[in-house]
$ cat my_file_14.cif   # mmCIF, C-alpha atoms and all ligand atoms
data_work
#
loop_
_atom_site.group_PDB
_atom_site.id
_atom_site.type_symbol
_atom_site.label_atom_id
_atom_site.label_comp_id
_atom_site.auth_asym_id
_atom_site.auth_seq_id
_atom_site.Cartn_x
_atom_site.Cartn_y
_atom_site.Cartn_z
ATOM 1 C CA MET A 29 -21.156 -45.516 0.439
ATOM 2 C CA PHE A 30 -18.144 -43.439 -0.577
ATOM 3 C CA GLY A 31 -16.053 -44.295 -3.588
ATOM 4 C CA ASN A 32 -18.605 -46.571 -5.187
ATOM 5 C CA GLN A 33 -19.226 -46.450 -8.899
ATOM 6 C CA SER A 34 -22.104 -43.994 -8.776
ATOM 7 C CA SER A 35 -20.317 -41.518 -6.501
ATOM 8 C CA ARG A 36 -17.153 -41.744 -8.632
ATOM 9 C CA THR A 37 -19.275 -40.987 -11.672
ATOM 10 C CA ALA A 38 -20.872 -38.094 -9.834
ATOM 11 C CA VAL A 39 -17.432 -36.726 -8.928
ATOM 12 C CA ALA A 40 -16.306 -37.077 -12.528
ATOM 13 C CA ARG A 41 -19.418 -35.274 -13.738
ATOM 14 C CA SER A 42 -18.942 -32.480 -11.171
ATOM 15 C CA GLY A 43 -15.528 -31.634 -12.615
ATOM 16 C CA LEU A 44 -13.802 -32.265 -9.262
ATOM 17 C CA VAL A 45 -11.490 -34.917 -10.706
ATOM 18 C CA GLY A 46 -7.923 -33.708 -10.348
ATOM 19 C CA PHE A 47 -8.591 -31.784 -7.136
ATOM 20 C CA PRO A 48 -6.511 -33.108 -4.229
ATOM 21 C CA ASN A 49 -8.437 -35.303 -1.810
ATOM 22 C CA LEU A 50 -7.360 -33.479 1.334
ATOM 23 C CA GLY A 51 -8.896 -35.484 4.117
ATOM 24 C CA MET A 52 -10.366 -34.102 7.323
ATOM 25 C CA GLU A 53 -7.060 -33.963 9.229
ATOM 26 C CA THR A 54 -5.300 -31.838 6.606
ATOM 27 C CA ILE A 55 -8.274 -29.522 6.265
ATOM 28 C CA ALA A 56 -8.444 -29.093 10.059
ATOM 29 C CA ARG A 57 -4.674 -28.431 10.281
ATOM 30 C CA ARG A 58 -4.828 -25.823 7.503
ATOM 31 C CA THR A 59 -7.869 -24.138 9.030
ATOM 32 C CA LEU A 60 -6.183 -23.907 12.441
ATOM 33 C CA LYS A 61 -3.074 -22.426 10.801
ATOM 34 C CA ALA A 62 -5.159 -19.844 8.943
ATOM 35 C CA VAL A 63 -6.952 -18.897 12.149
ATOM 36 C CA ALA A 64 -3.695 -18.564 14.082
ATOM 37 C CA ALA A 65 -2.083 -16.417 11.415
ATOM 38 C CA GLY A 66 -5.276 -14.431 10.841
ATOM 39 C CA GLU A 67 -4.777 -15.092 7.146
ATOM 40 C CA ILE A 68 -5.883 -12.453 4.717
ATOM 41 C CA SER A 69 -6.980 -13.042 1.132
ATOM 42 C CA TYR A 70 -7.158 -10.452 -1.608
ATOM 43 C CA ARG A 71 -9.531 -10.508 -4.563
ATOM 44 C CA ALA A 72 -11.485 -8.412 -7.027
ATOM 45 C CA ALA A 73 -14.743 -7.222 -5.472
ATOM 46 C CA THR A 74 -17.998 -8.764 -6.641
ATOM 47 C CA PHE A 75 -21.558 -7.500 -6.752
ATOM 48 C CA THR A 76 -22.370 -9.239 -3.467
ATOM 49 C CA ASP A 77 -19.802 -7.070 -1.625
ATOM 50 C CA PHE A 78 -21.710 -3.897 -2.435
ATOM 51 C CA ARG A 79 -22.889 -3.057 1.092
ATOM 52 C CA GLU A 80 -19.438 -3.470 2.616
ATOM 53 C CA LEU A 81 -17.818 -1.577 -0.254
ATOM 54 C CA ALA A 82 -20.163 1.359 0.322
ATOM 55 C CA ARG A 83 -19.383 1.354 4.038
ATOM 56 C CA PHE A 84 -15.609 1.402 3.490
ATOM 57 C CA ILE A 85 -15.795 3.996 0.719
ATOM 58 C CA SER A 86 -17.800 6.184 3.076
ATOM 59 C CA VAL A 87 -15.113 5.819 5.776
ATOM 60 C CA ALA A 88 -12.357 6.692 3.290
ATOM 61 C CA GLY A 89 -14.262 9.862 2.351
ATOM 62 C CA GLY A 90 -13.833 11.195 5.882
ATOM 63 C CA GLY A 91 -17.355 12.664 6.012
ATOM 64 C CA LEU A 92 -17.458 13.848 2.405
ATOM 65 C CA TYR A 93 -20.373 11.649 1.345
ATOM 66 C CA GLU A 94 -22.376 12.476 4.475
ATOM 67 C CA PHE A 95 -21.813 16.163 3.693
ATOM 68 C CA LEU A 96 -22.886 15.744 0.064
ATOM 69 C CA PHE A 97 -25.784 13.320 0.436
ATOM 70 C CA GLY A 98 -26.972 13.778 4.048
ATOM 71 C CA ASP A 99 -30.739 14.427 4.295
ATOM 72 C CA LEU A 100 -31.000 14.633 0.529
ATOM 73 C CA PHE A 101 -33.784 12.074 0.287
ATOM 74 C CA PRO A 102 -36.018 11.193 3.238
ATOM 75 C CA LEU A 103 -35.085 7.852 4.870
ATOM 76 C CA VAL A 104 -32.185 7.246 2.456
ATOM 77 C CA SER A 105 -28.785 7.389 4.146
ATOM 78 C CA PRO A 106 -25.643 8.569 2.323
ATOM 79 C CA THR A 107 -24.227 5.039 2.578
ATOM 80 C CA SER A 108 -27.373 3.632 0.924
ATOM 81 C CA LEU A 109 -26.923 6.059 -1.958
ATOM 82 C CA LEU A 110 -23.302 4.985 -2.243
ATOM 83 C CA ALA A 111 -24.418 1.351 -2.208
ATOM 84 C CA ILE A 112 -26.644 1.958 -5.233
ATOM 85 C CA ALA A 113 -23.701 3.418 -7.157
ATOM 86 C CA VAL A 114 -21.406 0.597 -6.038
ATOM 87 C CA ALA A 115 -23.904 -2.117 -7.037
ATOM 88 C CA SER A 116 -24.042 -0.818 -10.596
ATOM 89 C CA PRO A 117 -21.776 -2.523 -13.142
ATOM 90 C CA ARG A 118 -21.002 0.909 -14.592
ATOM 91 C CA GLY A 119 -19.709 4.136 -13.103
ATOM 92 C CA SER A 120 -16.625 5.092 -11.149
ATOM 93 C CA LEU A 121 -17.791 3.643 -7.818
ATOM 94 C CA SER A 122 -18.874 0.350 -9.370
ATOM 95 C CA TYR A 123 -17.780 -2.811 -7.572
ATOM 96 C CA ARG A 124 -15.929 -3.557 -10.798
ATOM 97 C CA ASN A 125 -13.459 -0.819 -9.870
ATOM 98 C CA CYS A 126 -12.904 -2.209 -6.382
ATOM 99 C CA PHE A 127 -10.525 -4.679 -4.766
ATOM 100 C CA VAL A 128 -10.951 -6.153 -1.302
ATOM 101 C CA ALA A 129 -9.024 -7.737 1.540
ATOM 102 C CA VAL A 130 -11.012 -10.430 3.317
ATOM 103 C CA ASP A 131 -10.556 -12.577 6.390
ATOM 104 C CA ALA A 132 -9.677 -15.937 4.821
ATOM 105 C CA ARG A 133 -11.675 -17.778 7.455
ATOM 106 C CA THR A 134 -14.881 -15.775 7.743
ATOM 107 C CA ASN A 135 -14.787 -14.015 4.365
ATOM 108 C CA ALA A 136 -15.492 -10.716 6.171
ATOM 109 C CA VAL A 137 -14.260 -7.682 4.272
ATOM 110 C CA MET A 138 -11.441 -5.939 6.172
ATOM 111 C CA GLY A 139 -10.272 -3.421 3.588
ATOM 112 C CA VAL A 140 -11.275 -1.855 0.282
ATOM 113 C CA ALA A 141 -9.669 0.084 -2.566
ATOM 114 C CA ASN A 142 -11.576 1.850 -5.350
ATOM 115 C CA ALA A 143 -9.643 3.144 -8.364
ATOM 116 C CA PHE A 144 -10.530 4.300 -11.881
ATOM 117 C CA PRO A 145 -9.218 6.694 -14.534
ATOM 118 C CA ALA A 146 -9.449 10.299 -13.237
ATOM 119 C CA GLU A 147 -11.128 11.153 -16.528
ATOM 120 C CA PHE A 148 -14.270 9.360 -15.249
ATOM 121 C CA LEU A 149 -14.750 12.228 -12.783
ATOM 122 C CA ARG A 150 -15.553 14.578 -15.667
ATOM 123 C CA LYS A 151 -18.593 12.436 -16.457
ATOM 124 C CA GLU A 152 -19.988 12.506 -12.924
ATOM 125 C CA ASN A 153 -23.423 14.038 -12.663
ATOM 126 C CA TYR A 154 -23.420 16.481 -9.747
ATOM 127 C CA ALA A 155 -26.794 17.965 -10.705
ATOM 128 C CA VAL A 156 -28.520 16.049 -7.903
ATOM 129 C CA LEU A 157 -26.461 17.917 -5.260
ATOM 130 C CA PRO A 158 -27.684 21.120 -3.673
ATOM 131 C CA PRO A 159 -25.675 23.951 -5.314
ATOM 132 C CA ARG A 160 -24.151 25.148 -2.012
ATOM 133 C CA ARG A 161 -22.772 21.716 -1.191
ATOM 134 C CA ARG A 162 -21.341 21.334 -4.658
ATOM 135 C CA SER A 163 -19.738 24.769 -4.662
ATOM 136 C CA HIS A 164 -18.236 24.070 -1.231
ATOM 137 C CA ILE A 165 -16.187 21.184 -2.602
ATOM 138 C CA GLN A 166 -15.719 22.643 -6.114
ATOM 139 C CA PRO A 167 -11.965 23.332 -5.597
ATOM 140 C CA MET A 168 -11.489 19.633 -4.899
ATOM 141 C CA LEU A 169 -13.542 18.558 -7.916
ATOM 142 C CA GLU A 170 -11.441 20.773 -10.171
ATOM 143 C CA LEU A 171 -8.049 19.891 -8.723
ATOM 144 C CA GLN A 172 -7.267 16.595 -10.430
ATOM 145 C CA ASP A 173 -4.399 14.927 -12.190
ATOM 146 C CA TRP A 174 -6.590 14.322 -15.226
ATOM 147 C CA GLY A 175 -4.339 11.957 -17.119
ATOM 148 C CA SER A 176 -3.814 9.625 -14.165
ATOM 149 C CA MET A 177 -5.462 6.620 -12.569
ATOM 150 C CA PHE A 178 -7.302 7.930 -9.492
ATOM 151 C CA LEU A 179 -7.446 6.152 -6.140
ATOM 152 C CA ASN A 180 -10.841 7.336 -4.968
ATOM 153 C CA ALA A 181 -10.972 5.314 -1.758
ATOM 154 C CA LEU A 182 -8.710 3.239 0.456
ATOM 155 C CA ALA A 183 -9.819 2.075 3.874
ATOM 156 C CA VAL A 184 -8.963 -0.725 6.283
ATOM 157 C CA SER A 185 -11.094 -1.571 9.323
ATOM 158 C CA ASP A 186 -9.658 -0.202 12.579
ATOM 159 C CA GLN A 187 -8.782 -3.572 14.071
ATOM 160 C CA HIS A 188 -6.763 -4.651 11.024
ATOM 161 C CA GLN A 189 -4.740 -1.505 10.444
ATOM 162 C CA GLY A 190 -0.945 -1.757 10.675
ATOM 163 C CA ARG A 191 -0.807 -5.281 9.206
ATOM 164 C CA GLY A 192 0.145 -4.298 5.680
ATOM 165 C CA VAL A 193 -3.407 -4.481 4.286
ATOM 166 C CA GLY A 194 -3.462 -0.838 3.158
ATOM 167 C CA ALA A 195 -0.096 -1.282 1.449
ATOM 168 C CA ARG A 196 -1.326 -4.363 -0.402
ATOM 169 C CA LEU A 197 -4.519 -2.631 -1.573
ATOM 170 C CA LEU A 198 -2.479 0.372 -2.701
ATOM 171 C CA ALA A 199 -0.211 -1.991 -4.650
ATOM 172 C CA TRP A 200 -3.323 -3.300 -6.461
ATOM 173 C CA ALA A 201 -4.268 0.256 -7.513
ATOM 174 C CA GLU A 202 -0.715 0.876 -8.730
ATOM 175 C CA ASP A 203 -0.754 -2.362 -10.666
ATOM 176 C CA ARG A 204 -4.118 -1.435 -12.182
ATOM 177 C CA ALA A 205 -2.642 1.896 -13.288
ATOM 178 C CA ARG A 206 0.438 0.179 -14.742
ATOM 179 C CA ARG A 207 -1.549 -2.410 -16.688
ATOM 180 C CA ALA A 208 -3.813 0.267 -18.151
ATOM 181 C CA GLY A 209 -0.764 2.285 -19.269
ATOM 182 C CA PHE A 210 -1.135 5.226 -16.845
ATOM 183 C CA LYS A 211 1.999 7.140 -15.841
ATOM 184 C CA HIS A 212 0.658 8.216 -12.432
ATOM 185 C CA LEU A 213 -1.641 7.118 -9.649
ATOM 186 C CA SER A 214 -3.243 10.122 -7.947
ATOM 187 C CA LEU A 215 -5.454 10.605 -4.897
ATOM 188 C CA HIS A 216 -6.943 13.202 -2.571
ATOM 189 C CA ALA A 217 -6.270 13.095 1.159
ATOM 190 C CA TRP A 218 -7.613 15.488 3.777
ATOM 191 C CA ALA A 219 -4.651 17.556 4.986
ATOM 192 C CA ASP A 220 -5.604 16.804 8.602
ATOM 193 C CA ASN A 221 -5.624 13.038 7.987
ATOM 194 C CA ILE A 222 -2.000 12.882 9.092
ATOM 195 C CA LYS A 223 -1.931 9.090 9.267
ATOM 196 C CA ALA A 224 -3.054 8.706 5.654
ATOM 197 C CA VAL A 225 -0.831 11.513 4.344
ATOM 198 C CA ASN A 226 2.219 9.942 6.029
ATOM 199 C CA PHE A 227 1.201 6.507 4.784
ATOM 200 C CA TYR A 228 1.207 7.777 1.180
ATOM 201 C CA LYS A 229 4.395 9.846 1.604
ATOM 202 C CA ALA A 230 6.209 6.772 2.906
ATOM 203 C CA ARG A 231 5.225 5.051 -0.346
ATOM 204 C CA GLY A 232 6.572 7.709 -2.693
ATOM 205 C CA TYR A 233 3.473 9.907 -3.073
ATOM 206 C CA VAL A 234 4.207 13.615 -3.471
ATOM 207 C CA ALA A 235 1.833 16.525 -2.820
ATOM 208 C CA GLN A 236 0.930 18.326 -6.042
ATOM 209 C CA ALA A 237 -1.368 21.070 -4.759
ATOM 210 C CA VAL A 238 -3.989 21.759 -2.112
ATOM 211 C CA ALA A 239 -7.691 22.326 -2.775
ATOM 212 C CA GLU A 240 -8.850 24.930 -0.271
ATOM 213 C CA ILE A 241 -12.047 23.597 1.289
ATOM 214 C CA PRO A 242 -13.273 25.903 4.062
ATOM 215 C CA TYR A 243 -14.112 24.355 7.410
ATOM 216 C CA HIS A 244 -17.830 23.573 7.642
ATOM 217 C CA PRO A 245 -19.738 22.258 10.673
ATOM 218 C CA ARG A 246 -20.834 19.308 8.524
ATOM 219 C CA LEU A 247 -17.444 18.752 6.894
ATOM 220 C CA ARG A 248 -14.985 19.220 9.685
ATOM 221 C CA HIS A 249 -11.597 19.345 8.049
ATOM 222 C CA GLY A 250 -8.885 21.946 8.379
ATOM 223 C CA GLY A 251 -6.221 22.642 5.764
ATOM 224 C CA GLY A 252 -8.142 21.487 2.702
ATOM 225 C CA SER A 253 -7.574 18.428 0.567
ATOM 226 C CA ILE A 254 -4.152 17.491 -0.806
ATOM 227 C CA LEU A 255 -3.794 16.127 -4.330
ATOM 228 C CA MET A 256 -0.938 13.612 -4.223
ATOM 229 C CA HIS A 257 0.506 11.429 -6.900
ATOM 230 C CA ARG A 258 3.213 8.950 -7.635
ATOM 231 C CA LYS A 259 4.903 7.944 -10.837
ATOM 232 C CA ILE A 260 4.075 4.442 -11.999
ATOM 233 C CA ASP A 261 6.894 2.546 -13.659
ATOM 234 C CA GLY A 262 6.056 0.745 -16.891
ATOM 235 C CA PRO A 263 5.762 -3.036 -17.106
ATOM 236 C CA GLY A 264 8.975 -4.694 -15.910
HETATM 237 C C1 LIG B 1 -4.482 4.833 5.705
HETATM 238 C C2 LIG B 1 -4.863 3.384 5.852
HETATM 239 C C3 LIG B 1 -5.615 2.918 4.608
HETATM 240 C C4 LIG B 1 -3.580 2.533 6.003
HETATM 241 O O1 LIG B 1 -3.958 1.150 6.067
HETATM 242 P P1 LIG B 1 -3.129 0.080 6.916
HETATM 243 O O2 LIG B 1 -3.641 -1.251 6.591
HETATM 244 O O3 LIG B 1 -3.083 0.472 8.349
HETATM 245 O O4 LIG B 1 -1.691 0.278 6.275
HETATM 246 P P2 LIG B 1 -0.415 -0.703 6.410
HETATM 247 O O5 LIG B 1 -0.599 -1.655 7.520
HETATM 248 O O6 LIG B 1 -0.129 -1.231 5.075
HETATM 249 O O7 LIG B 1 0.698 0.343 6.779
HETATM 250 C C5 LIG B 1 0.590 1.084 7.980
HETATM 251 C C6 LIG B 1 1.885 0.969 8.756
HETATM 252 O O8 LIG B 1 1.944 -0.287 9.401
HETATM 253 C C7 LIG B 1 3.255 -0.837 9.256
HETATM 254 N N1 LIG B 1 3.122 -2.286 9.280
HETATM 255 C C8 LIG B 1 2.864 -2.942 10.410
HETATM 256 N N2 LIG B 1 2.789 -4.259 10.154
HETATM 257 C C9 LIG B 1 2.983 -4.455 8.846
HETATM 258 C C10 LIG B 1 3.028 -5.611 8.017
HETATM 259 N N3 LIG B 1 2.839 -6.841 8.501
HETATM 260 N N4 LIG B 1 3.230 -5.432 6.694
HETATM 261 C C11 LIG B 1 3.404 -4.197 6.189
HETATM 262 N N5 LIG B 1 3.385 -3.080 6.955
HETATM 263 C C12 LIG B 1 3.174 -3.196 8.284
HETATM 264 C C13 LIG B 1 3.745 -0.272 7.957
HETATM 265 O O9 LIG B 1 5.173 -0.154 7.977
HETATM 266 C C14 LIG B 1 3.090 1.087 7.898
HETATM 267 O O10 LIG B 1 3.912 2.078 8.455
HETATM 268 P P3 LIG B 1 4.315 3.377 7.572
HETATM 269 O O11 LIG B 1 3.055 3.970 7.000
HETATM 270 O O12 LIG B 1 4.971 4.250 8.569
HETATM 271 O O13 LIG B 1 5.202 2.872 6.495
HETATM 272 C C15 LIG B 1 -5.692 3.156 7.136
HETATM 273 O O14 LIG B 1 -5.088 3.858 8.186
HETATM 274 C C16 LIG B 1 -7.152 3.577 7.048
HETATM 275 O O15 LIG B 1 -7.994 2.847 6.574
HETATM 276 N N6 LIG B 1 -7.485 4.773 7.536
HETATM 277 C C17 LIG B 1 -8.891 5.236 7.598
HETATM 278 C C18 LIG B 1 -9.424 5.601 6.219
HETATM 279 C C19 LIG B 1 -8.535 6.604 5.547
HETATM 280 O O16 LIG B 1 -8.160 7.618 6.124
HETATM 281 N N7 LIG B 1 -8.210 6.311 4.270
HETATM 282 C C20 LIG B 1 -7.364 7.176 3.470
HETATM 283 C C21 LIG B 1 -8.211 8.151 2.731
HETATM 284 S S1 LIG B 1 -7.196 9.208 1.753
#

$ encode --input "my_file_14.cif" --output "structure tokens"
Amino acid sequence: MFGNQSSRTAVARSGLVGFPNLGMETIARRTLKAVAAGEISYRAATFTDFRELARFISVAGGGLYEFLFGDLFPLVSPTSLLAIAVASPRGSLSYRNCFVAVDARTNAVMGVANAFPAEFLRKENYAVLPPRRRSHIQPMLELQDWGSMFLNALAVSDQHQGRGVGARLLAWAEDRARRAGFKHLSLHAWADNIKAVNFYKARGYVAQAVAEIPYHPRLRHGGGSILMHRKIDGPG
């Protein structure tokens, strides 16, 4: 059955010629190794990741998107609205501006980064937001490092934190900034998100200023939002 003329021709036609013929034993050994090590792969996000991307971006926002979009449209959750933006090939939240960490075995997304030029934020259409919600976060919208690449979201699922995934996703955003010729990578972190603030500080990020966002029962953060940035060295 295998290796006869017709199957060889089929293999040749399929373009698989030149790929190593691994054999079941090798494949099994490699799979077991990957499972044991909990191997992680990193790749550019694709359209099909859009639901997971929206979920992680929502987590990274620390309640911001729920505050902005909650109960805006009947039966449409804030994460669903995010998913629409993420699924679009254009726009700052587009999957094209995202990078993911996945479980090499199951392909489940375990972490996400979303980065784009800060300048894109000027083009955002906030008209859909109720004026009070928009004005509540206005100081944050205005406090930007406009000439930088902006890391809009970085999140790793709880069970995979502390394994270097966040650092690797951050390195992607820095590399994206470098390749596009930006001098800085900037981001906003809630001042009370001590873990994230320390994570960035440990990687050379310096606080630039604080956007004063008053505490709100639907946006429960104290101390405002810190604009941080880090210089990006030019290509080696
Ligand atoms: C902040 C966040 C993205 C960090 O992700 P993470 O995957 O836990 O980060 P890392 O594992 O790369 O680094 C965390 C720590 O684990 C340590 N670590 C443990 N094992 C490691 C390994 N194998 N390789 C590298 N670092 C490792 C690192 O030294 C690091 O310590 P440090 O920050 O004191 O230097 C994550 O906590 C998160 O998703 N939080 C919720 C969402 C959020 O708040 N996002 C930020 C919005 S601004």

$ resolve_selection --input "my_file_14.cif" --expression "the PyMOL selection byres (((chain A and resi 85-93) around 7) and not hetatm)" --output "number ranges by chain"
A: 81-84, 94-97, 106-107, 181-183, 247

$ residues_around --input "my_file_14.cif" --residues "Pro117 in chain A" --least-positions-apart "2" --cutoff "12 Å" --atoms "all atoms listed in the file" --output "list in words"
Ala73, Thr74, Phe75, Thr76, Phe78, Ala111, Ile112, Ala113, Val114, Ala115, Gly119, Ser120, Leu121, Ser122, Tyr123, Arg124, Asn125 and Cys126 of chain A

$ residues_around --input "my_file_14.cif" --residues "Phe127 in chain A" --least-positions-apart "2" --cutoff "7 Å" --atoms "only C-alpha atoms" --output "number ranges by chain"
A: 71-73, 140-142

$ residues_near_ligand --input "my_file_14.cif" --ligand "ligand LIG 1 (chain B)" --cutoff "8 Å" --atoms "all atoms listed in the file" --output "count of residues only"
35

$ residues_near_point --input "my_file_14.cif" --point "(5.3, -0.2, -21.1)" --cutoff "9 Å" --atoms "all atoms listed in the file" --output "list in words"
Arg206, Arg207, Gly209, Asp261, Gly262, Pro263 and Gly264 of chain A

$ resolve_selection --input "my_file_14.cif" --expression "the PyMOL selection byres (((chain A and resi 153) around 12) and not hetatm)" --output "PyMOL selection string"
chain A and resi 113+119-120+148-152+154-157+162+169

$ resolve_selection --input "my_file_14.cif" --expression "the PyMOL selection byres (((chain A and resi 176) around 8) and not hetatm)" --output "number ranges by chain"
A: 145-147, 173-175, 177-178, 205, 210-214

$ closest_residue --input "my_file_14.cif" --among "A:Ile241, A:Phe101, A:Asp220, A:Gln236" --to "Gln172 in chain A" --atoms "all atoms listed in the file"
A:Gln236

$ atom_distance --input "my_file_14.cif" --atom1 "CA of Gln187 in chain A" --atom2 "CA of Met138 in chain A"
8.7 Å

$ atom_distance --input "my_file_14.cif" --atom1 "CA of Pro167 in chain A" --atom2 "CA of Ile260 in chain A"
25.6 Å

$ closest_residue --input "my_file_14.cif" --among "A:Ile68, A:Ala201, A:Ile222, A:Ile165" --to "Tyr243 in chain A" --atoms "all atoms listed in the file"
A:Ile165

$ closest_residue --input "my_file_14.cif" --among "A:Ala208, A:Ala219, A:Ala129, A:Val234" --to "Ser253 in chain A" --atoms "only C-alpha atoms"
A:Ala219

$ build_atoms --input "my_file_14.cif" --residues "range 207-223 of chain A" --atoms "N, CA and C atoms" --output "JSON list (two decimals), keeping the file's coordinate frame"
[["chain", "number", "residue", "atom", "x", "y", "z"],
["A", 207, "ARG", "N", -1.00, -1.55, -15.63],
["A", 207, "ARG", "CA", -1.55, -2.41, -16.69],
["A", 207, "ARG", "C", -2.34, -1.61, -17.71],
["A", 208, "ALA", "N", -2.99, -0.54, -17.24],
["A", 208, "ALA", "CA", -3.81, 0.27, -18.15],
["A", 208, "ALA", "C", -2.98, 1.35, -18.83],
["A", 209, "GLY", "N", -1.66, 1.37, -18.57],
["A", 209, "GLY", "CA", -0.76, 2.28, -19.27],
["A", 209, "GLY", "C", -0.73, 3.70, -18.71],
["A", 210, "PHE", "N", -1.18, 3.89, -17.45],
["A", 210, "PHE", "CA", -1.14, 5.23, -16.84],
["A", 210, "PHE", "C", 0.25, 5.49, -16.27],
["A", 211, "LYS", "N", 0.66, 6.77, -16.34],
["A", 211, "LYS", "CA", 2.00, 7.14, -15.84],
["A", 211, "LYS", "C", 1.96, 7.49, -14.35],
["A", 212, "HIS", "N", 0.77, 7.83, -13.84],
["A", 212, "HIS", "CA", 0.66, 8.22, -12.43],
["A", 212, "HIS", "C", -0.58, 7.61, -11.78],
["A", 213, "LEU", "N", -0.46, 7.40, -10.47],
["A", 213, "LEU", "CA", -1.64, 7.12, -9.65],
["A", 213, "LEU", "C", -1.81, 8.34, -8.75],
["A", 214, "SER", "N", -3.01, 8.92, -8.75],
["A", 214, "SER", "CA", -3.24, 10.12, -7.95],
["A", 214, "SER", "C", -4.33, 9.85, -6.91],
["A", 215, "LEU", "N", -4.44, 10.75, -5.95],
["A", 215, "LEU", "CA", -5.45, 10.60, -4.90],
["A", 215, "LEU", "C", -5.63, 11.94, -4.18],
["A", 216, "HIS", "N", -6.73, 12.05, -3.46],
["A", 216, "HIS", "CA", -6.94, 13.20, -2.57],
["A", 216, "HIS", "C", -6.92, 12.70, -1.14],
["A", 217, "ALA", "N", -6.24, 13.42, -0.28],
["A", 217, "ALA", "CA", -6.27, 13.10, 1.16],
["A", 217, "ALA", "C", -6.53, 14.38, 1.93],
["A", 218, "TRP", "N", -7.39, 14.31, 2.94],
["A", 218, "TRP", "CA", -7.61, 15.49, 3.78],
["A", 218, "TRP", "C", -6.29, 15.84, 4.45],
["A", 219, "ALA", "N", -5.94, 17.13, 4.42],
["A", 219, "ALA", "CA", -4.65, 17.56, 4.99],
["A", 219, "ALA", "C", -4.53, 17.18, 6.46],
["A", 220, "ASP", "N", -5.68, 17.13, 7.18],
["A", 220, "ASP", "CA", -5.60, 16.80, 8.60],
["A", 220, "ASP", "C", -5.66, 15.29, 8.87],
["A", 221, "ASN", "N", -5.69, 14.50, 7.82],
["A", 221, "ASN", "CA", -5.62, 13.04, 7.99],
["A", 221, "ASN", "C", -4.14, 12.64, 7.95],
["A", 222, "ILE", "N", -3.46, 13.01, 9.04],
["A", 222, "ILE", "CA", -2.00, 12.88, 9.09],
["A", 222, "ILE", "C", -1.56, 11.43, 8.84],
["A", 223, "LYS", "N", -2.30, 10.50, 9.41],
["A", 223, "LYS", "CA", -1.93, 9.09, 9.27],
["A", 223, "LYS", "C", -1.90, 8.69, 7.79]]
